[in-house]
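data10.txt follows; it contains compact mmCIF, C-alpha atoms and all ligand atoms.
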```txt
# COMPACT_ATOMS: atom_id res chain seq x y z
CA MET A 3 116.24 47.71 -136.89
CA GLN A 4 117.56 48.04 -133.34
CA ALA A 5 116.88 50.83 -130.85
CA PHE A 6 120.16 52.71 -131.34
CA GLU A 7 119.73 52.67 -135.13
CA ALA A 8 116.25 54.18 -134.69
CA THR A 9 117.58 56.98 -132.45
CA SER A 10 120.42 57.60 -134.92
CA HIS A 11 117.84 57.83 -137.73
CA TYR A 12 116.01 60.63 -135.89
CA PHE A 13 119.36 62.28 -135.16
CA ASP A 14 120.33 62.13 -138.86
CA GLN A 15 116.99 63.52 -140.01
CA ALA A 16 117.56 66.68 -137.97
CA ALA A 17 121.37 66.86 -138.31
CA ARG A 18 121.03 67.06 -142.12
CA LEU A 19 119.12 70.33 -141.72
CA LEU A 20 121.89 71.79 -139.56
CA ASP A 21 124.69 71.44 -142.04
CA LEU A 22 127.06 69.90 -139.46
CA SER A 23 130.60 68.97 -140.47
CA GLU A 24 131.25 65.22 -140.71
CA ASN A 25 133.63 65.51 -137.72
CA ILE A 26 131.02 67.09 -135.45
CA ARG A 27 128.34 64.65 -136.68
CA THR A 28 130.53 61.65 -135.80
CA LEU A 29 131.44 63.18 -132.47
CA LEU A 30 127.78 63.78 -131.58
CA ILE A 31 126.51 60.32 -132.42
CA THR A 32 129.30 58.23 -130.87
CA PRO A 33 129.00 57.34 -127.17
CA ASP A 34 131.85 58.61 -125.02
CA ARG A 35 132.17 55.46 -122.89
CA GLU A 36 130.42 52.08 -122.58
CA VAL A 37 130.84 49.94 -119.48
CA ARG A 38 129.65 46.34 -119.22
CA VAL A 39 130.01 44.51 -115.93
CA GLU A 40 129.31 41.04 -114.60
CA VAL A 41 127.19 41.35 -111.44
CA VAL A 42 127.38 38.19 -109.36
CA ILE A 43 125.30 37.90 -106.20
CA GLU A 44 124.20 35.19 -103.82
CA MET A 45 120.50 34.45 -104.35
CA ASP A 46 118.17 33.72 -101.43
CA SER A 47 118.34 30.03 -102.40
CA GLY A 48 122.10 29.99 -101.79
CA ARG A 49 123.07 29.54 -105.45
CA LEU A 50 124.92 32.27 -107.37
CA GLY A 51 123.02 34.63 -109.66
CA ASN A 52 124.91 36.06 -112.61
CA PHE A 53 123.62 39.29 -114.24
CA LEU A 54 124.93 41.70 -116.88
CA GLY A 55 125.02 45.40 -115.99
CA TYR A 56 125.55 48.32 -118.37
CA ARG A 57 126.33 52.02 -118.21
CA VAL A 58 126.62 53.96 -121.44
CA GLN A 59 127.85 57.56 -121.19
CA HIS A 60 126.94 59.29 -124.40
CA ASP A 61 127.93 62.96 -124.21
CA ASN A 62 129.04 65.36 -121.46
CA SER A 63 129.85 68.49 -123.39
CA ARG A 64 127.10 70.48 -121.57
CA GLY A 65 127.54 68.98 -118.08
CA PRO A 66 127.89 65.66 -116.21
CA PHE A 67 126.38 62.53 -117.80
CA LYS A 68 122.80 62.01 -116.61
CA GLY A 69 120.28 59.22 -117.09
CA GLY A 70 118.26 56.41 -115.61
CA LEU A 71 118.98 52.85 -114.59
CA ARG A 72 116.61 50.20 -115.90
CA TYR A 73 116.13 46.71 -114.43
CA HIS A 74 114.36 44.64 -117.09
CA PRO A 75 114.89 41.36 -119.01
CA LYS A 76 115.33 43.30 -122.29
CA VAL A 77 118.19 45.52 -121.07
CA ASP A 78 121.25 45.21 -123.33
CA ASP A 79 124.05 47.38 -124.70
CA ASP A 80 122.08 48.52 -127.76
CA GLU A 81 119.11 49.67 -125.70
CA ALA A 82 121.36 51.49 -123.22
CA ARG A 83 123.19 53.19 -126.11
CA SER A 84 119.92 54.37 -127.66
CA LEU A 85 118.51 55.64 -124.36
CA ALA A 86 121.82 57.36 -123.45
CA SER A 87 121.74 59.24 -126.74
CA LEU A 88 118.10 60.27 -126.14
CA MET A 89 119.16 61.66 -122.74
CA THR A 90 121.80 63.88 -124.39
CA TRP A 91 119.16 65.43 -126.66
CA LYS A 92 116.57 65.65 -123.85
CA THR A 93 118.80 67.55 -121.41
CA ALA A 94 119.88 69.90 -124.21
CA LEU A 95 116.32 70.43 -125.39
CA VAL A 96 115.08 71.60 -121.98
CA ASP A 97 118.38 73.38 -121.46
CA ILE A 98 119.63 71.90 -118.21
CA PRO A 99 123.39 71.57 -117.63
CA PHE A 100 123.73 67.81 -118.09
CA GLY A 101 124.80 65.38 -120.78
CA GLY A 102 123.30 61.97 -121.48
CA ALA A 103 123.78 58.46 -120.10
CA LYS A 104 121.74 55.35 -119.44
CA GLY A 105 122.24 51.92 -117.99
CA GLY A 106 120.74 49.06 -116.15
CA ILE A 107 120.84 45.40 -115.36
CA ASN A 108 119.44 42.57 -117.45
CA CYS A 109 117.15 40.92 -114.88
CA ASP A 110 113.50 40.38 -114.06
CA PRO A 111 112.93 42.55 -110.97
CA THR A 112 109.49 40.96 -110.39
CA ALA A 113 111.24 37.62 -109.80
CA LEU A 114 113.74 39.04 -107.25
CA SER A 115 113.21 39.40 -103.51
CA LYS A 116 113.89 42.77 -101.90
CA ALA A 117 117.11 41.40 -100.39
CA GLU A 118 118.25 40.15 -103.81
CA MET A 119 117.46 43.56 -105.37
CA GLU A 120 119.56 45.22 -102.68
CA ARG A 121 122.53 42.88 -103.16
CA LEU A 122 122.30 43.30 -106.95
CA THR A 123 122.20 47.09 -106.68
CA ARG A 124 125.08 47.29 -104.21
CA ARG A 125 127.28 44.97 -106.28
CA PHE A 126 126.49 46.91 -109.48
CA THR A 127 127.34 50.19 -107.70
CA GLU A 128 130.62 48.70 -106.50
CA LYS A 129 131.45 47.76 -110.12
CA ILE A 130 130.69 51.19 -111.62
CA HIS A 131 131.54 53.48 -108.69
CA ASP A 132 134.63 54.91 -110.33
CA VAL A 133 132.73 56.16 -113.41
CA ILE A 134 129.77 57.77 -111.57
CA GLY A 135 129.66 60.74 -109.18
CA PRO A 136 128.03 64.17 -108.77
CA VAL A 137 130.28 65.84 -111.36
CA LYS A 138 130.78 62.73 -113.51
CA ASP A 139 127.56 60.77 -114.04
CA ILE A 140 124.34 60.87 -112.02
CA PRO A 141 121.97 57.86 -112.32
CA ALA A 142 118.21 58.03 -111.61
CA PRO A 143 115.21 55.66 -111.60
CA ASP A 144 113.73 54.15 -114.77
CA MET A 145 111.70 50.99 -115.46
CA GLY A 146 112.09 48.48 -112.64
CA THR A 147 113.97 50.83 -110.31
CA ASP A 148 112.69 53.32 -107.75
CA ALA A 149 113.63 55.60 -104.86
CA GLN A 150 114.67 52.63 -102.69
CA VAL A 151 117.17 51.49 -105.34
CA MET A 152 118.59 55.03 -105.47
CA ALA A 153 118.95 55.04 -101.66
CA TRP A 154 121.02 51.83 -101.83
CA ILE A 155 123.24 53.33 -104.56
CA MET A 156 123.79 56.50 -102.51
CA ASN A 157 124.68 54.43 -99.46
CA GLU A 158 127.03 52.08 -101.34
CA TYR A 159 128.73 54.94 -103.21
CA GLY A 160 129.19 56.72 -99.87
CA LYS A 161 131.45 53.86 -98.72
CA TYR A 162 133.98 55.00 -101.35
CA ALA A 163 133.38 58.76 -101.49
CA GLY A 164 131.81 59.69 -98.13
CA PHE A 165 128.44 61.43 -97.82
CA THR A 166 127.46 62.22 -101.44
CA PRO A 167 123.69 62.49 -101.96
CA ALA A 168 124.17 64.21 -105.34
CA VAL A 169 125.51 60.97 -106.88
CA VAL A 170 121.94 59.86 -107.74
CA THR A 171 118.57 61.57 -108.10
CA GLY A 172 115.10 60.19 -107.50
CA LYS A 173 116.01 59.35 -103.88
CA PRO A 174 113.38 59.06 -101.12
CA VAL A 175 112.33 62.51 -99.86
CA GLU A 176 113.42 61.45 -96.33
CA LEU A 177 116.92 60.72 -97.68
CA HIS A 178 117.88 63.86 -99.60
CA GLY A 179 115.36 63.37 -102.41
CA SER A 180 113.35 66.29 -103.79
CA ALA A 181 109.71 67.01 -103.19
CA GLY A 182 107.88 66.29 -106.44
CA ARG A 183 110.52 64.02 -108.05
CA GLU A 184 108.50 60.80 -107.88
CA ALA A 185 105.56 62.39 -109.72
CA ALA A 186 107.66 64.70 -111.91
CA THR A 187 107.64 62.75 -115.18
CA GLY A 188 103.88 62.14 -115.11
CA TYR A 189 103.23 65.74 -114.03
CA GLY A 190 105.32 66.90 -116.99
CA VAL A 191 103.53 64.59 -119.44
CA ALA A 192 100.20 66.08 -118.31
CA ILE A 193 101.53 69.65 -118.72
CA VAL A 194 102.83 68.95 -122.21
CA ALA A 195 99.54 67.24 -123.18
CA ARG A 196 97.66 70.31 -121.90
CA GLU A 197 99.81 72.71 -123.94
CA MET A 198 99.51 70.60 -127.11
CA LEU A 199 95.74 70.26 -126.73
CA GLY A 200 95.62 74.04 -126.27
CA ARG A 201 97.41 74.49 -129.61
CA MET A 202 94.74 72.21 -131.12
CA GLY A 203 91.94 74.35 -129.66
CA ARG A 204 91.05 71.79 -126.98
CA THR A 205 91.42 71.27 -123.25
CA ILE A 206 92.24 68.31 -121.00
CA GLY A 207 88.76 68.55 -119.50
CA GLY A 208 86.38 66.66 -121.75
CA SER A 209 89.14 64.94 -123.75
CA THR A 210 89.52 61.16 -123.70
CA PHE A 211 92.81 59.36 -123.02
CA ALA A 212 94.24 55.84 -123.30
CA ILE A 213 97.46 55.13 -121.38
CA GLN A 214 99.72 52.10 -121.87
CA GLY A 215 101.67 51.38 -118.67
CA PHE A 216 100.54 52.13 -115.13
CA GLY A 217 103.89 52.28 -113.37
CA ASN A 218 105.53 55.44 -112.11
CA VAL A 219 105.01 57.50 -115.26
CA GLY A 220 101.66 56.12 -116.46
CA SER A 221 99.96 56.28 -113.06
CA PHE A 222 101.04 59.84 -112.21
CA THR A 223 100.18 61.01 -115.74
CA ALA A 224 96.70 59.51 -115.33
CA ARG A 225 96.25 61.07 -111.89
CA PHE A 226 97.23 64.59 -112.98
CA LEU A 227 95.10 64.38 -116.13
CA ALA A 228 92.09 63.09 -114.19
CA LYS A 229 92.46 65.99 -111.72
CA GLU A 230 92.10 68.36 -114.69
CA GLY A 231 88.87 66.67 -115.79
CA ALA A 232 90.24 64.17 -118.32
CA LYS A 233 88.30 61.01 -119.08
CA ILE A 234 90.77 58.10 -118.85
CA VAL A 235 88.97 55.43 -120.86
CA ALA A 236 91.68 52.75 -121.07
CA VAL A 237 94.84 51.77 -119.16
CA SER A 238 97.09 48.72 -119.25
CA ASP A 239 100.23 47.19 -117.81
CA ALA A 240 102.36 44.12 -118.48
CA TYR A 241 99.55 41.81 -117.33
CA GLY A 242 96.60 43.23 -119.33
CA GLY A 243 94.32 46.21 -119.66
CA LEU A 244 91.09 47.87 -118.60
CA ARG A 245 88.49 49.85 -120.46
CA ASN A 246 85.58 52.03 -119.40
CA PRO A 247 84.06 54.48 -121.92
CA GLU A 248 82.58 56.46 -119.01
CA GLY A 249 86.06 57.06 -117.54
CA ILE A 250 88.08 55.05 -115.03
CA ASP A 251 88.30 56.24 -111.42
CA VAL A 252 92.09 56.67 -111.43
CA GLU A 253 92.57 57.20 -107.68
CA ALA A 254 90.59 54.01 -106.95
CA LEU A 255 92.65 52.17 -109.57
CA ALA A 256 95.93 53.43 -108.04
CA HIS A 257 94.70 52.15 -104.67
CA HIS A 258 93.89 48.75 -106.25
CA VAL A 259 97.37 48.59 -107.88
CA SER A 260 99.11 49.44 -104.58
CA THR A 261 98.06 46.04 -103.26
CA ALA A 262 97.31 43.91 -106.38
CA ARG A 263 100.51 45.17 -108.20
CA LYS A 264 98.56 45.08 -111.49
CA VAL A 265 95.56 46.83 -113.03
CA VAL A 266 93.79 43.57 -113.88
CA GLY A 267 91.12 42.69 -111.33
CA PHE A 268 89.99 46.30 -110.80
CA GLU A 269 86.23 46.29 -110.63
CA GLY A 270 85.41 49.69 -112.13
CA ALA A 271 86.17 48.70 -115.73
CA ARG A 272 86.03 45.73 -118.11
CA PRO A 273 89.19 43.87 -119.19
CA CYS A 274 90.83 44.63 -122.55
CA SER A 275 94.06 43.65 -124.27
CA ASN A 276 97.05 45.93 -124.83
CA GLU A 277 96.39 45.76 -128.60
CA GLU A 278 92.81 46.93 -128.06
CA LEU A 279 94.07 49.83 -125.96
CA MET A 280 96.51 50.92 -128.68
CA ARG A 281 93.65 50.96 -131.21
CA SER A 282 91.24 52.92 -128.95
CA GLU A 283 89.33 55.76 -130.51
CA VAL A 284 90.46 58.53 -128.15
CA ASP A 285 91.67 62.10 -128.31
CA VAL A 286 95.08 61.26 -126.82
CA LEU A 287 97.06 58.01 -126.76
CA ILE A 288 99.94 57.91 -124.28
CA PRO A 289 102.48 55.07 -124.43
CA ALA A 290 104.07 54.99 -120.96
CA ALA A 291 105.73 51.58 -120.81
CA LEU A 292 108.28 49.99 -123.14
CA GLY A 293 110.06 51.33 -126.19
CA GLY A 294 109.32 50.16 -129.74
CA VAL A 295 105.56 49.68 -129.34
CA PHE A 296 104.62 51.42 -132.61
CA ASP A 297 105.72 49.61 -135.76
CA ARG A 298 104.14 50.33 -139.15
CA ALA A 299 101.08 48.10 -138.57
CA ALA A 300 100.48 49.45 -135.06
CA ALA A 301 100.74 53.03 -136.34
CA GLU A 302 98.26 52.32 -139.13
CA ALA A 303 95.82 50.90 -136.58
CA VAL A 304 95.97 53.97 -134.29
CA ARG A 305 92.66 55.86 -134.03
CA ALA A 306 93.81 58.60 -131.65
CA ARG A 307 93.99 62.26 -132.65
CA LEU A 308 97.23 62.96 -130.78
CA ILE A 309 100.11 60.90 -129.40
CA VAL A 310 102.14 62.02 -126.40
CA GLU A 311 105.20 59.84 -125.89
CA ALA A 312 105.67 59.34 -122.14
CA ALA A 313 107.83 56.23 -122.70
CA ASN A 314 111.30 56.51 -124.17
CA GLY A 315 111.58 55.42 -127.81
CA PRO A 316 108.05 54.03 -128.33
CA THR A 317 107.97 54.81 -132.07
CA TRP A 318 110.04 53.10 -134.78
CA PRO A 319 110.95 55.39 -137.72
CA GLU A 320 108.59 53.47 -140.07
CA ALA A 321 105.71 54.24 -137.68
CA ASP A 322 106.80 57.87 -137.40
CA GLU A 323 106.42 58.17 -141.18
CA VAL A 324 102.91 56.73 -140.94
CA PHE A 325 101.93 59.23 -138.22
CA ASN A 326 103.36 62.11 -140.28
CA ALA A 327 101.57 60.93 -143.43
CA ARG A 328 98.29 60.50 -141.53
CA GLY A 329 98.63 63.94 -139.93
CA ILE A 330 98.56 62.54 -136.38
CA PRO A 331 100.75 64.89 -134.30
CA VAL A 332 103.29 63.23 -131.99
CA VAL A 333 104.81 65.04 -129.03
CA PRO A 334 108.19 63.26 -128.93
CA ASP A 335 109.64 61.50 -125.90
CA ILE A 336 112.57 63.88 -125.44
CA LEU A 337 110.06 66.68 -124.84
CA ALA A 338 107.04 64.88 -123.38
CA ASN A 339 108.84 62.99 -120.60
CA ALA A 340 111.54 65.57 -119.80
CA GLY A 341 109.83 66.56 -116.53
CA GLY A 342 111.65 63.73 -114.74
CA VAL A 343 115.14 64.89 -115.62
CA ILE A 344 114.20 68.53 -115.00
CA VAL A 345 113.26 67.73 -111.39
CA SER A 346 116.29 65.44 -111.12
CA TYR A 347 118.32 68.55 -111.95
CA PHE A 348 116.50 70.45 -109.16
CA GLU A 349 117.26 67.58 -106.76
CA TRP A 350 120.96 67.66 -107.70
CA VAL A 351 121.04 71.45 -107.17
CA GLN A 352 119.36 71.08 -103.75
CA ASN A 353 121.87 68.35 -102.75
CA LEU A 354 124.85 70.48 -103.79
CA GLN A 355 123.42 73.44 -101.85
CA ASN A 356 122.29 71.35 -98.84
CA PHE A 357 119.01 73.19 -99.14
CA ARG A 358 115.41 72.11 -99.70
CA TRP A 359 112.83 73.56 -102.04
CA PRO A 360 109.11 73.34 -101.24
CA LEU A 361 106.90 71.31 -103.61
CA GLU A 362 105.21 74.43 -105.00
CA GLN A 363 108.59 75.80 -106.12
CA VAL A 364 109.62 72.49 -107.72
CA GLN A 365 106.36 72.20 -109.64
CA ARG A 366 106.34 75.87 -110.66
CA GLU A 367 109.91 75.69 -112.03
CA GLU A 368 109.24 72.36 -113.75
CA GLU A 369 106.13 73.75 -115.41
CA LYS A 370 107.95 76.86 -116.59
CA LYS A 371 110.81 74.88 -118.16
CA LEU A 372 108.41 72.52 -119.94
CA VAL A 373 106.00 75.19 -121.17
CA ASP A 374 108.90 77.26 -122.54
CA ALA A 375 110.47 74.23 -124.27
CA PHE A 376 107.13 73.05 -125.65
CA HIS A 377 106.22 76.37 -127.30
CA ASP A 378 109.76 76.88 -128.57
CA ILE A 379 109.62 73.49 -130.32
CA HIS A 380 106.02 73.88 -131.53
CA ASP A 381 106.87 77.28 -133.04
CA LEU A 382 110.07 75.95 -134.61
CA ALA A 383 108.19 73.00 -136.12
CA THR A 384 105.50 75.29 -137.53
CA ARG A 385 107.99 77.82 -138.89
CA LYS A 386 110.23 75.24 -140.57
CA LYS A 387 107.38 72.85 -141.49
CA LEU A 388 108.93 69.98 -139.51
CA SER A 389 107.46 67.30 -137.28
CA MET A 390 107.79 68.13 -133.59
CA ARG A 391 110.29 65.27 -133.28
CA THR A 392 112.60 66.66 -135.95
CA ALA A 393 112.26 70.16 -134.49
CA ALA A 394 113.14 68.85 -131.02
CA PHE A 395 116.23 67.00 -132.28
CA TYR A 396 117.18 70.03 -134.38
CA ARG A 397 117.14 72.36 -131.35
CA ALA A 398 118.98 69.85 -129.12
CA ILE A 399 121.67 68.94 -131.67
CA ALA A 400 122.37 72.62 -132.33
CA ARG A 401 122.96 73.21 -128.59
CA VAL A 402 125.23 70.19 -128.11
CA GLY A 403 127.11 70.91 -131.34
CA ARG A 404 127.70 74.50 -130.21
CA ALA A 405 129.02 73.31 -126.83
CA HIS A 406 131.54 71.04 -128.59
CA ALA A 407 132.57 73.81 -130.94
CA LEU A 408 133.09 76.28 -128.06
CA ALA A 409 134.95 73.83 -125.83
CA GLY A 410 137.21 72.75 -128.67
CA ILE A 411 137.66 69.19 -129.85
P1 LIG A 501 107.78 51.40 -114.20
O1 LIG A 501 108.61 50.18 -114.08
O2 LIG A 501 107.41 52.17 -112.98
O3 LIG A 501 106.41 51.05 -114.96
C1 LIG A 501 106.39 50.42 -116.21
C2 LIG A 501 104.93 50.06 -116.51
O4 LIG A 501 104.86 49.48 -117.83
C3 LIG A 501 104.34 49.01 -115.56
O5 LIG A 501 102.96 49.30 -115.34
C4 LIG A 501 104.48 47.73 -116.38
O6 LIG A 501 103.57 46.71 -115.97
C5 LIG A 501 104.17 48.25 -117.76
N1 LIG A 501 104.58 47.36 -118.83
C6 LIG A 501 105.73 46.65 -118.94
N2 LIG A 501 105.70 45.89 -120.06
C7 LIG A 501 104.52 46.17 -120.67
C8 LIG A 501 103.91 45.68 -121.84
N3 LIG A 501 104.51 44.78 -122.62
N4 LIG A 501 102.68 46.15 -122.17
C9 LIG A 501 102.06 47.07 -121.39
N5 LIG A 501 102.59 47.55 -120.26
C10 LIG A 501 103.81 47.10 -119.90
O7 LIG A 501 108.57 52.33 -115.26
P2 LIG A 501 108.42 53.91 -115.46
O8 LIG A 501 109.47 54.58 -114.65
O9 LIG A 501 107.01 54.31 -115.32
O10 LIG A 501 108.89 54.05 -116.98
C11 LIG A 501 107.96 53.90 -118.07
C12 LIG A 501 108.55 54.53 -119.31
O11 LIG A 501 108.80 55.93 -119.09
C13 LIG A 501 109.89 53.93 -119.77
O12 LIG A 501 109.95 53.97 -121.17
C14 LIG A 501 110.90 54.92 -119.20
O13 LIG A 501 112.12 54.91 -119.91
C15 LIG A 501 110.16 56.22 -119.37
N6 LIG A 501 110.61 57.30 -118.49
C16 LIG A 501 110.62 57.18 -117.15
C17 LIG A 501 111.02 58.24 -116.35
C18 LIG A 501 110.96 58.19 -114.85
O14 LIG A 501 111.19 59.24 -114.23
N7 LIG A 501 110.66 57.07 -114.24
C19 LIG A 501 111.46 59.44 -116.95
C20 LIG A 501 111.43 59.55 -118.34
C21 LIG A 501 111.00 58.48 -119.10
```

In structure tokens, what does this structure look like?
Amino acid sequence: MQAFEATSHYFDQAARLLDLSENIRTLLITPDREVRVEVVIEMDSGRLGNFLGYRVQHDNSRGPFKGGLRYHPKVDDDEARSLASLMTWKTALVDIPFGGAKGGINCDPTALSKAEMERLTRRFTEKIHDVIGPVKDIPAPDMGTDAQVMAWIMNEYGKYAGFTPAVVTGKPVELHGSAGREAATGYGVAIVAREMLGRMGRTIGGSTFAIQGFGNVGSFTARFLAKEGAKIVAVSDAYGGLRNPEGIDVEALAHHVSTARKVVGFEGARPCSNEELMRSEVDVLIPAALGGVFDRAAAEAVRARLIVEAANGPTWPEADEVFNARGIPVVPDILANAGGVIVSYFEWVQNLQNFRWPLEQVQREEEKKLVDAFHDIHDLATRKKLSMRTAAFYRAIARVGRAHALAGI
């Protein structure tokens, strides 16, 4: 099974309960536009580098297309299609006026110099500039991209359209970014984990956590959880993992990673493999790296009491069935990691208004949106006896379907 098929499976599971007409169902699942471009740049060595770039625009019935750009060797059209569809349901679920899109470049950003990254980003922007824009499609950071990449896109796009900061979100705060955007996804994951633990009669303080991935999302999630008294007993990244049953000092680890660029080598914990981390006996397991990390066998090996999906698409449908059968609750990606796109929305609003919000306001509004969405979905799932994933898709599909029906086909 490929990523888009998995997303479509979750869509179908919920759409069946909504009694949608075949026309609306087809309309909702089919991407609106798919762009594939050849991105050719001069490498530092003088030879030409040839990369494939993608932008999939899934649905814009509720507002402009919105979604991240990923730079990773596994980026392809199927992955972009799956992630674009997830963005449509995510923006609808937390009720912000955007649709869904996703894209990226098939490359290994760790093997590129900063100058090569800049040339790649500028050339990609040049190739897609006519399909993006503040009222068309607004990219943001994802795996392998960051605020610097967004600054280059804004600058390159400005050569065609003039000063247009609202063309991308996740920009540096000094260049029309929003306070709180960099940490927003991890902050949101921690809020959602807190609310779910509350529903289970527990608190973050005193609970144990294992987190796969220590990039933007994983590291900020760990930092916010640790601030609330969580015991982070295992973390990992692409190079390996760490374990300490007494709890890892997350701030010291973040400091180590800022220079070493990997968690391995940190002295306050012993090494462990990614597989070991995924099988940790903890209260909460948080995948915060790649998609597709839980297949049937991995799900059967899980010994956590709760899963909070910080990564996009970490769970294959066969694993979802295992979690449901084993009674392990899963807070789905489109809810758990929605904090990033919520604050991206606030950044877009601030750019359009040429006005800045203080951090406290950004965090307060983000928290309110997430807490409201979380309890709405938890209540819906309880009332209709659904998994939280099916309830989340159900709510989102109903909103997007209604927008199509009102606008007219
Ligand atoms: P990132 O590039 O900042 O970090 C990714 C992390 O995952 C790194 O620590 C990397 O080493 C690790 N990793 C990569 N391959 C791995 C492997 N095989 N095993 C273990 N760890 C591995 O990316 P990010 O922005 O933190 O995104 C992480 C996930 O969160 C992705 O699924 C992304 O789609 C999702 N997400 C990100 C945002 C955002 O605002 N950045 C928003 C919503 C969802």

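Our summary of the geometry notes that atom O9 of ligand LIG 501 (chain A) is positioned 19.7 Å from atom CA of A:Trp318.
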
At most 8 Å from ligand LIG 501 (chain A) (all atoms listed in the file): residue list as an MDAnalysis selection string: chainID A and resid 70 72 85 142:148 172 183:188 214:221 238:243 264 276 289:293 312:316 335 339:343

Can you write out as CSV which residues of stretch 266-326 of chain A fall within 12 Å of stretch 389-408 of chain A, alongside each residue's closest atom pair and its distance in Å to one decimal, counting all atoms listed in the file and ordering rows by chain and ascending residue number?
```
residue,atom,partner,partner_atom,distance
A:Ile309,CA,A:Met390,CA,11.3
A:Val310,CA,A:Met390,CA,11.0
A:Glu311,CA,A:Arg391,CA,10.5
A:Gly315,CA,A:Arg391,CA,11.3
A:Thr317,CA,A:Arg391,CA,10.8
A:Pro319,CA,A:Arg391,CA,10.9
A:Asp322,CA,A:Arg391,CA,9.2
A:Glu323,CA,A:Ser389,CA,10.0
A:Phe325,CA,A:Ser389,CA,9.8
A:Asn326,CA,A:Ser389,CA,7.3
```

Let's have the selection written as a PDB file, in the coordinates of the input, with C-alpha atoms.
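Result went into again-v1.pdb, see below:
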```
ATOM      1  CA  ILE A 309     100.110  60.900-129.400  1.00  0.00           C
ATOM      2  CA  VAL A 310     102.140  62.020-126.400  1.00  0.00           C
ATOM      3  CA  GLU A 311     105.200  59.840-125.890  1.00  0.00           C
ATOM      4  CA  GLY A 315     111.580  55.420-127.810  1.00  0.00           C
ATOM      5  CA  THR A 317     107.970  54.810-132.070  1.00  0.00           C
ATOM      6  CA  PRO A 319     110.950  55.390-137.720  1.00  0.00           C
ATOM      7  CA  ASP A 322     106.800  57.870-137.400  1.00  0.00           C
ATOM      8  CA  GLU A 323     106.420  58.170-141.180  1.00  0.00           C
ATOM      9  CA  PHE A 325     101.930  59.230-138.220  1.00  0.00           C
ATOM     10  CA  ASN A 326     103.360  62.110-140.280  1.00  0.00           C
TER      11      ASN A 326
END
```

Within-7 Å shell of (124.6, 58.2, -134.1) in input frame, only C-alpha atoms, as a VMD selection string: chain A and resid 10 13 30 to 32

Interatomic distance, atom CA of A:Ala327 to atom CA of A:Asp80 (Å, one decimal):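 Taking atom CA of A:Ala327 and atom CA of A:Asp80, their separation equals 28.6 Å.
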
Among the residues A:Met119, A:Val133, A:Val77, A:Val373, the one that comes closest to A:Met152 [using all atoms listed in the file]: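 Smallest separation from A:Met152 among the options: A:Met119.
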
Exercise: A:Leu337 partners within 8 Å, all atoms listed in the file, chain neighbours under 4 positions left out, as a PyMOL selection string: chain A and resi 92+95-96+333+372+375-376+394

All residues 8 Å or closer to A:Glu158, only C-alpha atoms, same chain fewer than 6 positions away omitted, as a list of chain:residue names: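 Answer for this query is A:Arg124, A:Thr127, A:Glu128.
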
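Taking only C-alpha atoms into account, A:Asp378 lies nearest to A:Asp97 out of the set A:Asp97, A:Asp297, A:Lys161, A:Ala224.
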
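Atom CA of A:Val58 to atom CA of A:Gly101 spans 11.6 Å [interatomic distance, one decimal].
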
Test item: which residues lie within 8 Å of (124.2, 65.9, -105.4) counting all atoms listed in the file, as a PyMOL selection string: chain A and resi 136+166-171+349-354

Keeping only C-alpha atoms, write those residues as an mmCIF file, keeping the file's coordinate frame.
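As a result, part-v9.cif now contains:
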```cif
data_model
loop_
_atom_site.group_PDB
_atom_site.id
_atom_site.type_symbol
_atom_site.label_atom_id
_atom_site.label_comp_id
_atom_site.auth_asym_id
_atom_site.auth_seq_id
_atom_site.Cartn_x
_atom_site.Cartn_y
_atom_site.Cartn_z
ATOM 1 C CA PRO A 136 128.030 64.170 -108.770
ATOM 2 C CA THR A 166 127.460 62.220 -101.440
ATOM 3 C CA PRO A 167 123.690 62.490 -101.960
ATOM 4 C CA ALA A 168 124.170 64.210 -105.340
ATOM 5 C CA VAL A 169 125.510 60.970 -106.880
ATOM 6 C CA VAL A 170 121.940 59.860 -107.740
ATOM 7 C CA THR A 171 118.570 61.570 -108.100
ATOM 8 C CA GLU A 349 117.260 67.580 -106.760
ATOM 9 C CA TRP A 350 120.960 67.660 -107.700
ATOM 10 C CA VAL A 351 121.040 71.450 -107.170
ATOM 11 C CA GLN A 352 119.360 71.080 -103.750
ATOM 12 C CA ASN A 353 121.870 68.350 -102.750
ATOM 13 C CA LEU A 354 124.850 70.480 -103.790
#
```

Nearest residue to A:Val137 from the set A:Asn62, A:Thr205, A:Ser84, A:Gln150 (distances using only C-alpha atoms):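 Going through A:Asn62, A:Thr205, A:Ser84, A:Gln150 one by one, the smallest distance to A:Val137 is for A:Asn62.
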
Rebuild stretch 179-183 of chain A to N, CA and C atoms - output it as a CSV table (one decimal), in the frame of the given file, please.
```
chain,number,residue,atom,x,y,z
A,179,GLY,N,116.1,63.2,-101.2
A,179,GLY,CA,115.4,63.4,-102.4
A,179,GLY,C,114.7,64.7,-102.5
A,180,SER,N,114.1,65.0,-103.6
A,180,SER,CA,113.4,66.3,-103.8
A,180,SER,C,111.9,66.1,-103.7
A,181,ALA,N,111.2,67.0,-103.1
A,181,ALA,CA,109.7,67.0,-103.2
A,181,ALA,C,109.4,67.0,-104.7
A,182,GLY,N,108.4,66.2,-105.1
A,182,GLY,CA,107.9,66.3,-106.4
A,182,GLY,C,108.6,65.5,-107.4
A,183,ARG,N,109.8,64.8,-107.0
A,183,ARG,CA,110.5,64.0,-108.0
A,183,ARG,C,109.8,62.8,-108.5
```
